[in-house]
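Colleague: Handing you this structure, nothing more for now.
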Amino acid sequence: MRRKHPFWLLSLFLAFTLFAAACGGDNDGGGQTTDTTVADEAVPKGGTVTLGWEQEPDCVDWIGSCGGSTYGAWAALRQTTPRAYDFVEEGGKLVYKPSILLEGEAKLETEPKQKVTYTISDKAVWSDGTPITSKDFKYLWDQIVNGEDIYDTTGYANIESVDDSDPKVAVVTFKTVFADWKSLFGGGYGLYPAHVLTGKDRSAETANGYKWSGGPWTIESWNKGSDLTLVPNPKYWGKKPNLDKVVFKFIPDTAAEFQAFKAGQVDAIAPQPQPDAIDQVKAGLSGKKSKFQSDTVNLEAFWFNNSKAPFNDAKVRQAVSYAIDRDAVVKRLFGPLGVNSAMQTMVPLVAKPFATTAWSKYKRDLTKVSSLLEGAGYTKGADGIYAKGGQKLTFEIKTTTGNARRALTLQIVQSQLKEAGIDMTISTHKSGDLFGSQLPKGDYQAALYAATLTALAPSTCNQFCAKNIPESSGKGSGQNWSRANVPGAEAGLKAMEEELDVDAQIAGNRKAEPAMADAAVVLPLDPLPNVFLWSDKLIGPKSTNGIDGPLWNLEEWGIRA
């Protein structure tokens, strides 16, 4: 999975629905629900927890294009970087709350320009004891808007200035309105220490790990290809971790990860759901517990590179979309869990008020496939595959290594496309390579992966606005990896990003998505449920917070001796 920043709405009601029985009688459908089986048991101090982790980050420079791994963000970004606002569940809503970095709510002014004033806690310090100040806010903004090869500039590019004249007060003035301002200086990034990095090459200093921290944990070591280890930050001014150490053991093959968990080699895993593993979980695993979240912040899709043949032709994108029976794929993957229908929107299930049914017209229809391809100049050869100018209609689709669910998905799709006269080959890649370099640089024709939310904002402009095509910035920045450019969608996408009124944001998406669906710039597939499994040796509140992941409160965990 890769991070999306930002995406959905502040204070949006969540409709979390449990869709599978969990082992050990510990069920919930999401949010931040306490593990009631240990409610009356004291969490012990000390010990080491080993987690099976199926994706290793390419780097830990979170604002660089190489830092887009969701699993990397869950494991290290959330644990080591301070942020202005946290995501918490309150009365059935996932909302922003000021973190312990701030002295209460930031002050928002909208006239004559949008301005936000953050007051920083006197207790807030970096791991070397240096106070966290407004200079850290200014440093992050400057690096994002002026740096090279930045993952995403959304929101930060709207800022005109950051006044750091008072060390404990950061005053951020915007040149254009940004609706999801609470996602800034946190969310998918977090603050960096200006006193450590100013004058240095930030990317080089952070690519292979860093020793500084403004969170409850610090990175003790990172052995690439093997493991990453966290230890408590002794200078953290908030809740101190109970554990002595947390080790992330990288196991990129999901089936191997699940077997390591069953064998007790790792204490917990957060795997992407696989049909065979889910069947075993439903049947019950001795000494193990699980949580499932169906209305997730994830959305798996087929992503077309709109700038590269054959998908630089809208008719080919449309033909492929009509050639695939997405409902059959989803039912095969998640039917036992009650998930039988494909997504018809690029809005995950947690943000239903923004959703449309724009992609519902794309049902398997071989007559339309033929009409579109023949209209684009293709003719079907004796081998049953369409060709144009002597070139067969063939493409390569990339996805992550070791994911049995995605392998099954692509086997089904490959067969369906062949029947429709389209040849597809499959290649798998390490997540760090795929998300860290290939997709940002446009080195692909099509890809299968899930995007995961990192903020409560309604905008998809970061993924589909033309201004966010990496080549458009001149600096390689931007998350529009599909290189989508749909003039009819731009106004609606812009409204989602810049309108403070929720109704205007919803109206914007309802204008944008039909235009994007007509152009078939992407093809949504499934909601990709969240899964979290752990040994009953682990003590403390555990849940699958969709944005911060299952480790949102890692400092509260403990382990029985």
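Please note that chains go A, B, ... in the order of the structure tokens, that every chain numbers its residues from 1, and that ligands are numbered from 1 in the order shown.
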Extract the full set of alpha helix (DSSP H) residues from region 260-442 of chain A according to DSSP on the backbone, and format it as number ranges by chain.
Modeller: A: 260-262, 275-283, 314-323, 326-334, 366-375, 404-420, 431-433
Colleague: Please compute the CA of Gln265 (chain A)-CA of Thr50 (chain A) distance, one decimal, in Å.
Modeller: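 Pair CA of Gln265 (chain A) / CA of Thr50 (chain A) returns 8.0 Å.
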Colleague: Identify, on the basis of only C-alpha atoms, every residue whose closest approach to Ser341 (chain A) does not exceed 9 Å; exclude the query and any residue fewer than 6 positions from it along the same chain; express the result as a compact mmCIF listing (two decimals) with C-alpha atoms, in the first residue's frame.
Modeller:
```
# COMPACT_ATOMS: atom_id res chain seq x y z
CA ARG A 326 -14.72 -6.61 -11.31
CA ASP A 327 -17.62 -7.98 -9.27
CA ALA A 328 -16.47 -11.52 -10.02
CA VAL A 329 -12.96 -10.65 -8.87
CA VAL A 330 -14.12 -9.04 -5.61
CA LYS A 331 -16.53 -11.88 -4.85
CA GLY A 335 -17.13 -13.16 -0.79
CA LEU A 525 -11.63 -2.41 -7.52
CA ASP A 526 -12.23 -3.20 -3.84
```
Colleague: With only C-alpha atoms as the basis for distance, which of A:Gly508, A:Gly476, A:Gly67, A:Pro275 is at the shortest distance from Ala491 (chain A)?
Modeller: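 Distance minimum relative to Ala491 (chain A) lands on A:Gly508.
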Colleague: Check region 17-214 of chain A with DSSP on the backbone and list each residue it calls strand (DSSP E or B), as number ranges by chain.
Modeller: A: 48-53, 64, 69, 85-90, 93-98, 102, 107-109, 115-120, 125, 131, 150, 159-166, 169-174
Colleague: Determine, counting only C-alpha atoms, which protein, DNA and RNA residues have an atom within 8 Å of an atom of Lys175 (chain A); residues of the same chain fewer than 2 positions away are not included. Present the result as a count of residues only.
Modeller: 7
Colleague: Report, in Å with one decimal, the straight-line distance from CA of Ser213 (chain A) to CA of Leu434 (chain A).
Modeller: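 It comes out at 27.5 Å.
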Colleague: Can you measure CA of Val316 (chain A) to CA of Arg483 (chain A) for me? One decimal in Å is fine.
Modeller: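 That distance, rounded to one decimal, is 15.6 Å.
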Colleague: Would you pick out the contacts of region 365-379 of chain A at 6 Å or less, using only C-alpha atoms, so that residues sharing its chain but fewer than 5 positions from it are not included, and give the list as a VMD selection string?
Modeller: chain A and resid 315 319 322 386 to 388
Colleague: Save the residues we just selected, C-alpha atoms, as a PDB file, in the first residue's frame?
Modeller:
```pdb
ATOM      1  CA  LYS A 315     -10.431   4.227 -25.824  1.00  0.00           C
ATOM      2  CA  ALA A 319     -11.907  -1.047 -23.430  1.00  0.00           C
ATOM      3  CA  TYR A 322     -15.230  -2.977 -19.991  1.00  0.00           C
ATOM      4  CA  TYR A 386      -6.091  -7.103 -31.168  1.00  0.00           C
ATOM      5  CA  ALA A 387      -3.292  -5.327 -33.012  1.00  0.00           C
ATOM      6  CA  LYS A 388      -2.676  -1.942 -34.619  1.00  0.00           C
TER       7      LYS A 388
END
```
Colleague: Write out as a VMD selection string which residues come within 9 Å of Leu184 (chain A) when counting only C-alpha atoms, dropping same-chain ones fewer than 3 positions away.
Modeller: chain A and resid 83 to 85 155 to 156 180 to 181 187 to 190 455
Colleague: With a distance cut-off of 7 Å and only C-alpha atoms, select the neighbouring residues of Phe354 (chain A), excluding the residue or stretch itself and same-chain residues fewer than 4 positions from it, and output the selection as a list in words.
Modeller: Val347, Ile506 and Asn509 of chain A
Colleague: Kindly export the residues of the current selection with N, CA and C atoms, as a PDB file, in the first residue's frame.
Modeller:
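The new file part_22.pdb reads:
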```
ATOM      1  N   VAL A 347     -13.667   7.043  -3.765  1.00  0.00           N
ATOM      2  CA  VAL A 347     -13.848   7.423  -2.367  1.00  0.00           C
ATOM      3  C   VAL A 347     -13.964   6.163  -1.519  1.00  0.00           C
ATOM      4  N   ILE A 506     -18.551  18.219  -1.542  1.00  0.00           N
ATOM      5  CA  ILE A 506     -19.295  17.073  -2.071  1.00  0.00           C
ATOM      6  C   ILE A 506     -19.729  17.339  -3.505  1.00  0.00           C
ATOM      7  N   ASN A 509     -16.839  16.842  -5.934  1.00  0.00           N
ATOM      8  CA  ASN A 509     -16.516  15.461  -6.293  1.00  0.00           C
ATOM      9  C   ASN A 509     -17.563  14.882  -7.228  1.00  0.00           C
TER      10      ASN A 509
END
```
Colleague: Taking into account only C-alpha atoms, which residue in the set A:Val486, A:Leu101, A:Leu337, A:Leu408 is nearest to Pro82 (chain A)?
Modeller: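 Smallest separation from Pro82 (chain A) among the options: A:Leu101.
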Colleague: Looking at only C-alpha atoms, which of A:Arg202, A:Arg317, A:Lys235, A:Lys182 is the one that sits closest to Gly64 (chain A)?
Modeller: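 Checking each of A:Arg202, A:Arg317, A:Lys235, A:Lys182 against Gly64 (chain A), counting only C-alpha atoms, the winner is A:Arg202.
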Colleague: Restricting the calculation to only C-alpha atoms, which member of A:Leu243, A:Ala314, A:Ala179, A:Ala484 is positioned closest to Leu554 (chain A)?
Modeller: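 Checking each of A:Leu243, A:Ala314, A:Ala179, A:Ala484 against Leu554 (chain A), counting only C-alpha atoms, the winner is A:Leu243.
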